[in-house]
>>> print(open('final.txt').read())   # compact mmCIF, C-alpha atoms
# COMPACT_ATOMS: atom_id res chain seq x y z
CA MET A 30 80.94 85.25 148.58
CA PRO A 31 78.55 86.49 151.25
CA GLY A 32 79.07 89.93 152.70
CA ALA A 33 81.43 90.72 155.56
CA LYS A 34 78.66 90.74 158.17
CA ALA A 35 77.41 87.33 157.08
CA ILE A 36 80.91 85.89 157.20
CA ALA A 37 81.46 87.40 160.65
CA ALA A 38 78.22 85.82 161.87
CA GLN A 39 79.33 82.43 160.55
CA VAL A 40 82.67 82.75 162.33
CA ARG A 41 80.90 83.69 165.55
CA ASP A 42 78.56 80.70 165.22
CA GLU A 43 81.51 78.35 164.67
CA PHE A 44 83.27 79.76 167.70
CA LEU A 45 80.17 79.32 169.83
CA HIS A 46 79.83 75.72 168.65
CA ALA A 47 83.36 75.00 169.88
CA TRP A 48 82.95 77.07 173.04
CA HIS A 49 79.72 75.35 174.07
CA GLY A 50 81.39 72.01 173.46
CA TYR A 51 84.16 73.00 175.85
CA LYS A 52 81.69 74.23 178.46
CA TYR A 53 79.57 71.08 178.24
CA ILE A 54 82.44 68.58 178.25
CA ALA A 55 85.34 70.19 180.08
CA TRP A 56 84.48 73.43 181.85
CA GLY A 57 87.36 74.25 184.20
CA ASP A 58 89.77 71.85 182.53
CA ASP A 59 92.47 73.12 180.20
CA GLU A 60 90.85 71.78 177.03
CA TYR A 61 88.65 69.07 175.60
CA ARG A 62 88.89 66.41 172.94
CA PRO A 63 85.86 66.68 170.65
CA LEU A 64 86.10 63.19 169.17
CA SER A 65 86.40 61.27 172.43
CA GLY A 66 84.28 63.76 174.37
CA LYS A 67 86.79 63.85 177.20
CA PRO A 68 88.48 66.72 179.03
CA SER A 69 92.26 66.95 179.18
CA ASN A 70 94.94 69.14 180.69
CA PHE A 71 97.73 70.68 178.66
CA PHE A 72 100.59 71.39 181.04
CA LEU A 73 100.20 68.89 183.88
CA GLU A 74 98.20 65.69 183.64
CA ASN A 75 96.52 66.06 187.03
CA HIS A 76 96.12 69.82 187.22
CA SER A 77 94.12 72.37 185.25
CA PHE A 78 94.97 76.06 184.94
CA GLY A 79 91.74 76.75 183.05
CA LEU A 80 93.76 77.28 179.88
CA SER A 81 90.81 77.51 177.49
CA ILE A 82 89.12 80.00 179.80
CA ILE A 83 92.24 82.16 179.93
CA GLU A 84 92.72 82.05 176.17
CA ALA A 85 89.09 82.74 175.26
CA MET A 86 88.56 86.00 177.11
CA ASP A 87 89.66 88.41 174.39
CA THR A 88 87.71 86.51 171.72
CA LEU A 89 84.58 86.54 173.87
CA TYR A 90 85.01 90.29 174.29
CA VAL A 91 85.51 90.97 170.58
CA MET A 92 82.45 88.87 169.72
CA GLY A 93 80.28 90.70 172.22
CA LEU A 94 79.66 87.60 174.35
CA ASP A 95 79.67 89.48 177.65
CA ASP A 96 77.80 86.88 179.68
CA GLU A 97 80.26 84.19 178.63
CA LEU A 98 83.16 86.50 179.47
CA GLU A 99 81.75 87.14 182.93
CA SER A 100 81.53 83.39 183.55
CA CYS A 101 85.25 83.15 182.75
CA LEU A 102 86.06 85.96 185.15
CA ALA A 103 84.01 84.33 187.90
CA TRP A 104 85.91 81.06 187.47
CA LEU A 105 89.29 82.79 187.44
CA ARG A 106 88.54 84.99 190.47
CA SER A 107 88.14 81.91 192.63
CA ARG A 108 90.60 79.49 191.01
CA LEU A 109 93.48 81.38 189.38
CA ASP A 110 96.55 79.99 191.14
CA PHE A 111 100.06 79.21 189.91
CA ASP A 112 101.54 77.94 193.18
CA VAL A 113 101.67 74.45 191.72
CA ASP A 114 104.34 71.80 192.22
CA GLY A 115 104.88 70.80 188.61
CA ASP A 116 107.20 71.40 185.66
CA VAL A 117 105.65 73.76 183.12
CA GLN A 118 106.99 74.50 179.65
CA MET A 119 108.04 78.14 179.81
CA PHE A 120 107.35 78.96 176.14
CA GLU A 121 103.78 77.67 176.12
CA ALA A 122 103.02 79.22 179.51
CA VAL A 123 104.16 82.64 178.29
CA ILE A 124 102.46 82.72 174.89
CA ARG A 125 99.21 81.19 176.16
CA MET A 126 98.68 82.03 179.82
CA VAL A 127 100.69 85.22 180.41
CA ALA A 128 99.41 86.53 177.07
CA GLY A 129 95.84 85.39 177.73
CA LEU A 130 95.71 87.06 181.11
CA LEU A 131 97.08 90.32 179.72
CA THR A 132 94.64 90.43 176.81
CA GLY A 133 91.89 89.49 179.24
CA TYR A 134 92.87 92.52 181.30
CA TYR A 135 92.68 94.81 178.27
CA ALA A 136 89.22 93.43 177.51
CA THR A 137 87.86 93.74 181.05
CA ARG A 138 90.19 96.05 183.04
CA GLU A 139 90.09 93.48 185.83
CA ARG A 140 93.35 94.15 187.64
CA PHE A 141 93.58 90.68 189.19
CA LEU A 142 94.38 89.35 185.72
CA VAL A 143 97.52 91.49 185.57
CA GLU A 144 98.49 90.27 189.02
CA GLY A 145 98.02 86.70 187.85
CA ALA A 146 100.17 87.32 184.79
CA ARG A 147 102.87 88.86 186.95
CA ASP A 148 102.79 85.99 189.43
CA LEU A 149 103.16 83.44 186.64
CA ALA A 150 105.90 85.44 184.90
CA ASP A 151 107.84 85.70 188.16
CA ARG A 152 107.70 81.92 188.51
CA LEU A 153 108.90 81.47 184.92
CA LEU A 154 111.72 84.01 185.15
CA VAL A 155 113.90 81.40 186.85
CA CYS A 156 114.33 79.84 183.40
CA PHE A 157 116.22 83.00 182.47
CA THR A 158 117.88 84.01 185.73
CA LYS A 159 119.28 80.55 186.50
CA SER A 160 120.77 80.25 183.00
CA PRO A 161 124.50 81.00 182.71
CA THR A 162 123.92 82.68 179.34
CA GLY A 163 120.52 84.32 179.83
CA ALA A 164 118.86 82.14 177.20
CA PRO A 165 116.11 80.30 179.09
CA TYR A 166 115.78 76.72 180.24
CA ARG A 167 112.80 74.91 178.75
CA TYR A 168 110.94 73.96 181.95
CA ALA A 169 110.37 75.52 185.36
CA ASN A 170 108.72 74.07 188.45
CA LEU A 171 106.23 76.78 189.42
CA LYS A 172 106.48 76.02 193.14
CA THR A 173 110.11 75.10 193.76
CA GLY A 174 111.80 77.16 191.06
CA ALA A 175 113.73 74.16 189.76
CA VAL A 176 114.64 74.32 186.06
CA ARG A 177 115.56 71.68 183.50
CA GLU A 178 116.30 70.97 179.84
CA PRO A 179 119.12 73.18 178.49
CA HIS A 180 118.66 72.29 174.80
CA VAL A 181 116.09 74.77 173.49
CA VAL A 182 114.92 75.69 169.98
CA LEU A 183 114.94 79.31 168.87
CA ALA A 184 111.17 79.83 168.94
CA GLU A 185 111.08 78.84 172.60
CA ILE A 186 114.01 81.13 173.43
CA GLY A 187 112.79 84.22 171.65
CA SER A 188 108.98 84.23 171.88
CA ASN A 189 108.43 86.18 175.07
CA VAL A 190 109.40 89.82 174.47
CA LEU A 191 105.83 90.87 173.63
CA GLU A 192 104.31 89.42 176.80
CA PHE A 193 107.24 90.36 179.03
CA GLY A 194 107.57 93.78 177.44
CA ASP A 195 103.89 94.47 177.95
CA LEU A 196 104.15 93.29 181.55
CA THR A 197 106.99 95.76 182.04
CA ARG A 198 104.76 98.54 180.66
CA LEU A 199 101.91 97.60 182.98
CA THR A 200 103.97 97.06 186.15
CA GLY A 201 106.87 99.44 185.67
CA GLN A 202 109.31 96.61 186.40
CA PRO A 203 112.07 96.36 183.74
CA LYS A 204 113.16 92.84 184.75
CA TYR A 205 110.72 91.20 182.37
CA VAL A 206 111.73 92.90 179.12
CA GLN A 207 115.38 92.80 180.18
CA ALA A 208 115.21 89.01 180.48
CA SER A 209 113.80 88.76 176.96
CA MET A 210 116.44 91.00 175.44
CA LYS A 211 119.27 89.19 177.21
CA ALA A 212 117.99 85.88 175.84
CA TYR A 213 117.97 87.30 172.32
CA GLU A 214 121.45 88.70 172.77
CA ALA A 215 122.86 85.35 173.95
CA VAL A 216 121.68 83.61 170.78
CA ILE A 217 122.32 86.33 168.23
CA ALA A 218 125.88 86.74 169.52
CA LYS A 219 126.48 83.19 168.27
CA ARG A 220 125.34 83.85 164.70
CA SER A 221 127.67 82.81 161.94
CA SER A 222 129.79 85.15 159.84
CA LEU A 223 126.86 85.04 157.37
CA ASP A 224 124.45 86.39 160.04
CA LEU A 225 122.54 83.08 160.01
CA LEU A 226 121.42 81.10 163.07
CA GLY A 227 121.16 77.43 163.91
CA THR A 228 118.03 75.80 165.28
CA THR A 229 118.73 74.36 168.75
CA PHE A 230 120.82 76.19 171.34
CA ASP A 231 122.58 74.76 174.39
CA ILE A 232 121.82 77.50 176.88
CA GLU A 233 124.47 76.28 179.33
CA GLN A 234 127.32 75.98 176.82
CA GLY A 235 126.21 79.00 174.80
CA GLU A 236 126.48 77.22 171.45
CA PHE A 237 124.24 75.82 168.75
CA ILE A 238 124.16 72.03 168.80
CA ASP A 239 123.09 71.71 165.15
CA THR A 240 123.94 73.46 161.91
CA ASP A 241 120.57 73.72 160.14
CA ASP A 242 119.07 77.15 159.59
CA VAL A 243 115.40 76.34 158.91
CA ALA A 244 114.07 79.92 159.09
CA PRO A 245 111.33 80.95 158.71
CA ASP A 246 109.93 77.49 159.40
CA GLU A 247 109.31 75.91 162.78
CA PRO A 248 110.81 75.40 165.29
CA VAL A 249 112.39 78.84 164.87
CA ASP A 250 109.43 80.72 163.36
CA SER A 251 108.25 83.04 166.11
CA PHE A 252 111.82 83.98 167.10
CA TYR A 253 111.79 86.27 164.07
CA GLU A 254 108.14 87.28 164.43
CA TYR A 255 108.70 88.48 167.98
CA LEU A 256 111.76 90.52 167.01
CA TRP A 257 109.64 92.56 164.62
CA GLY A 258 106.82 92.68 167.16
CA GLY A 259 109.20 94.02 169.78
CA TRP A 260 109.84 96.99 167.52
CA GLN A 261 106.26 97.54 166.36
CA MET A 262 104.58 97.08 169.74
CA LEU A 263 107.23 98.19 172.19
CA GLY A 264 109.50 100.47 170.15
CA LEU A 265 112.62 98.40 170.87
CA ARG A 266 115.15 99.63 168.31
CA GLN A 267 117.57 96.83 169.10
CA ALA A 268 114.89 94.28 168.22
CA ARG A 269 114.30 96.08 164.92
CA ASP A 270 118.01 96.15 164.08
CA TRP A 271 118.41 92.45 164.89
CA TYR A 272 115.37 91.62 162.78
CA ARG A 273 116.68 93.56 159.79
CA MET A 274 120.15 92.01 160.03
CA LEU A 275 118.82 88.46 160.22
CA THR A 276 116.23 89.07 157.50
CA ASP A 277 118.87 90.43 155.15
CA ALA A 278 120.83 87.20 155.62
CA ILE A 279 117.76 84.99 155.10
CA VAL A 280 116.91 86.78 151.87
CA LYS A 281 120.53 86.63 150.68
CA TYR A 282 121.27 82.97 151.38
CA LYS A 283 117.98 81.11 151.61
CA VAL A 284 115.65 82.39 148.87
CA THR A 285 114.77 80.01 146.07
CA ARG A 286 111.79 79.59 143.75
CA VAL A 287 109.73 76.50 143.10
CA GLN A 288 107.42 76.67 140.07
CA GLY A 289 107.67 80.44 140.28
CA ASN A 290 106.78 80.61 143.98
CA LEU A 291 109.00 82.06 146.68
CA TRP A 292 110.57 79.44 148.94
CA PHE A 293 113.23 79.36 151.63
CA LYS A 294 115.86 76.64 151.60
CA THR A 295 117.23 74.98 154.70
CA VAL A 296 120.93 75.78 154.73
CA ASN A 297 123.98 75.19 156.89
CA TYR A 298 124.10 78.34 159.01
CA LYS A 299 127.90 78.44 158.90
CA THR A 300 128.40 77.94 155.17
CA GLY A 301 125.09 78.91 153.56
CA GLU A 302 125.09 75.64 151.61
CA PRO A 303 121.69 73.89 151.10
CA THR A 304 121.14 70.80 153.24
CA GLY A 305 118.71 69.04 150.92
CA ASP A 306 115.73 69.49 153.28
CA THR A 307 112.84 70.71 151.09
CA THR A 308 110.02 70.53 153.63
CA THR A 309 108.12 73.31 155.34
CA SER A 310 105.03 73.66 157.50
CA GLU A 311 102.09 76.02 157.85
CA LEU A 312 103.89 77.70 160.74
CA ALA A 313 106.13 79.47 158.23
CA ALA A 314 103.14 81.27 156.70
CA PHE A 315 103.53 84.23 159.08
CA TYR A 316 106.70 85.28 157.24
CA ALA A 317 104.83 86.66 154.24
CA GLU A 318 103.35 89.35 156.47
CA LEU A 319 106.73 90.27 157.93
CA VAL A 320 108.60 90.61 154.65
CA ALA A 321 105.67 92.57 153.23
>>> encode(input="final.txt", output="structure tokens")
Amino acid sequence: MPGAKAIAAQVRDEFLHAWHGYKYIAWGDDEYRPLSGKPSNFFLENHSFGLSIIEAMDTLYVMGLDDELESCLAWLRSRLDFDVDGDVQMFEAVIRMVAGLLTGYYATRERFLVEGARDLADRLLVCFTKSPTGAPYRYANLKTGAVREPHVVLAEIGSNVLEFGDLTRLTGQPKYVQASMKAYEAVIAKRSSLDLLGTTFDIEQGEFIDTDDVAPDEPVDSFYEYLWGGWQMLGLRQARDWYRMLTDAIVKYKVTRVQGNLWFKTVNYKTGEPTGDTTTSELAAFYAELVA
């Protein structure tokens, strides 16, 4: 293996290859398709938020690409705007755009990025505040405040406490982290007597609409990751206690071994009985870090 500096240089070169491809093909659009050579937008077909620009800022900073970072800031200063009449998926908007703007702020100390994150978060909060249980709707119209889709998987319900908690720290407004914790509470209150959770939650009825506990696999993966993050990053003891309770149940009822390797069965969250589903995805890989 080459040394650490050589590997780092290779990673930087690969990033620049992808970044220059984006700039050449799709600058200002959300993303680009390298095979077709065409730009595309992630959230709304006919509108770009500059998603790749928002998401790249912290990487550009870490890699010492200051000129590239300044070009991102210049674009965002003139075009960052969330007053858009369109339905946006709350989960993706939080983990990609609210998060990207906040990490961009930490990299640059440009205060307008925090204001942009707060503006977007305020437009997404309707997913939580219009819910009868506090668990969020899946989509919000950023202009009208209309919400839709009450059937939401755990990852989309519980993957916002880091961004919202950090926004609370930066703005002094508790409404963001409070919304996250209320969403967690709504779901965890419906755990089974085994302390296991289902996968998809009806946020209007306040009940799971399926019985499979697929943890730590998708589409519930980051629900658990964010609980631990809420403790590590924000010091939220309730998030830590919830994480430990749910982890104890996962380890008790779901652990199995395949050819000597640790595995987690899909089980019925009410009974703990295996369902026969033996699949998993790469999105479950994060769990090794957490249990370690």
>>> closest_residue(input="final.txt", among="A:Thr173, A:Thr137, A:Thr88, A:Ser209", to="Leu45 in chain A", atoms="all atoms listed in the file")
A:Thr88
>>> closest_residue(input="final.txt", among="A:Ser160, A:Gln202, A:Ser77, A:Gln261", to="Glu233 in chain A", atoms="all atoms listed in the file")
A:Ser160
>>> residues_around(input="final.txt", residues="range 143-158 of chain A", least_positions_apart="6", cutoff="9 Å", atoms="only C-alpha atoms", output="NGL selection string")
:A and (109-112 or 117-119 or 122-123 or 126-131 or 133-134 or 164-177 or 193 or 196 or 199-200 or 204-205 or 208-209 or 211-212)
>>> write_last_selection(input="final.txt", atoms="C-alpha atoms", output="PDB file, in the coordinates of the input")
ATOM      1  CA  LEU A 109      93.480  81.380 189.380  1.00  0.00           C
ATOM      2  CA  ASP A 110      96.550  79.990 191.140  1.00  0.00           C
ATOM      3  CA  PHE A 111     100.060  79.210 189.910  1.00  0.00           C
ATOM      4  CA  ASP A 112     101.540  77.940 193.180  1.00  0.00           C
ATOM      5  CA  VAL A 117     105.650  73.760 183.120  1.00  0.00           C
ATOM      6  CA  GLN A 118     106.990  74.500 179.650  1.00  0.00           C
ATOM      7  CA  MET A 119     108.040  78.140 179.810  1.00  0.00           C
ATOM      8  CA  ALA A 122     103.020  79.220 179.510  1.00  0.00           C
ATOM      9  CA  VAL A 123     104.160  82.640 178.290  1.00  0.00           C
ATOM     10  CA  MET A 126      98.680  82.030 179.820  1.00  0.00           C
ATOM     11  CA  VAL A 127     100.690  85.220 180.410  1.00  0.00           C
ATOM     12  CA  ALA A 128      99.410  86.530 177.070  1.00  0.00           C
ATOM     13  CA  GLY A 129      95.840  85.390 177.730  1.00  0.00           C
ATOM     14  CA  LEU A 130      95.710  87.060 181.110  1.00  0.00           C
ATOM     15  CA  LEU A 131      97.080  90.320 179.720  1.00  0.00           C
ATOM     16  CA  GLY A 133      91.890  89.490 179.240  1.00  0.00           C
ATOM     17  CA  TYR A 134      92.870  92.520 181.300  1.00  0.00           C
ATOM     18  CA  ALA A 164     118.860  82.140 177.200  1.00  0.00           C
ATOM     19  CA  PRO A 165     116.110  80.300 179.090  1.00  0.00           C
ATOM     20  CA  TYR A 166     115.780  76.720 180.240  1.00  0.00           C
ATOM     21  CA  ARG A 167     112.800  74.910 178.750  1.00  0.00           C
ATOM     22  CA  TYR A 168     110.940  73.960 181.950  1.00  0.00           C
ATOM     23  CA  ALA A 169     110.370  75.520 185.360  1.00  0.00           C
ATOM     24  CA  ASN A 170     108.720  74.070 188.450  1.00  0.00           C
ATOM     25  CA  LEU A 171     106.230  76.780 189.420  1.00  0.00           C
ATOM     26  CA  LYS A 172     106.480  76.020 193.140  1.00  0.00           C
ATOM     27  CA  THR A 173     110.110  75.100 193.760  1.00  0.00           C
ATOM     28  CA  GLY A 174     111.800  77.160 191.060  1.00  0.00           C
ATOM     29  CA  ALA A 175     113.730  74.160 189.760  1.00  0.00           C
ATOM     30  CA  VAL A 176     114.640  74.320 186.060  1.00  0.00           C
ATOM     31  CA  ARG A 177     115.560  71.680 183.500  1.00  0.00           C
ATOM     32  CA  PHE A 193     107.240  90.360 179.030  1.00  0.00           C
ATOM     33  CA  LEU A 196     104.150  93.290 181.550  1.00  0.00           C
ATOM     34  CA  LEU A 199     101.910  97.600 182.980  1.00  0.00           C
ATOM     35  CA  THR A 200     103.970  97.060 186.150  1.00  0.00           C
ATOM     36  CA  LYS A 204     113.160  92.840 184.750  1.00  0.00           C
ATOM     37  CA  TYR A 205     110.720  91.200 182.370  1.00  0.00           C
ATOM     38  CA  ALA A 208     115.210  89.010 180.480  1.00  0.00           C
ATOM     39  CA  SER A 209     113.800  88.760 176.960  1.00  0.00           C
ATOM     40  CA  LYS A 211     119.270  89.190 177.210  1.00  0.00           C
ATOM     41  CA  ALA A 212     117.990  85.880 175.840  1.00  0.00           C
TER      42      ALA A 212
END
>>> closest_residue(input="final.txt", among="A:Asp231, A:Asp246, A:Glu236, A:Asp224", to="Tyr272 in chain A", atoms="only C-alpha atoms")
A:Asp224
>>> atom_distance(input="final.txt", atom1="CA of Tyr51 in chain A", atom2="CA of Gly115 in chain A")
24.4 Å
>>> residues_around(input="final.txt", residues="range 282-287 of chain A", least_positions_apart="2", cutoff="12 Å", atoms="all atoms listed in the file", output="PyMOL selection string")
chain A and resi 223-226+241-246+275-280+289-304+306-307
>>> closest_residue(input="final.txt", among="A:Thr229, A:Asn70, A:Asn75, A:Ser65", to="Gly187 in chain A", atoms="all atoms listed in the file")
A:Thr229
>>> atom_distance(input="final.txt", atom1="CA of Gln207 in chain A", atom2="CA of Met262 in chain A")
15.6 Å
>>> atom_distance(input="final.txt", atom1="CA of Leu98 in chain A", atom2="CA of Met86 in chain A")
5.9 Å
>>> residues_near_point(input="final.txt", point="(109.8, 86.6, 175.0)", cutoff="8 Å", atoms="all atoms listed in the file", output="PyMOL selection string")
chain A and resi 123+186-194+206+209-210+255
>>> closest_residue(input="final.txt", among="A:Ser221, A:Ser69, A:Thr240, A:Thr162", to="Ile54 in chain A", atoms="only C-alpha atoms")
A:Ser69
>>> residues_around(input="final.txt", residues="Ile82 in chain A", least_positions_apart="4", cutoff="12 Å", atoms="all atoms listed in the file", output="MDAnalysis selection string")
chainID A and resid 48:49 51:52 55:61 77:78 86:89 97:106 108:109 125:126 129:130 133
>>> closest_residue(input="final.txt", among="A:Tyr253, A:Phe230, A:Phe44, A:Phe141", to="Arg269 in chain A", atoms="all atoms listed in the file")
A:Tyr253
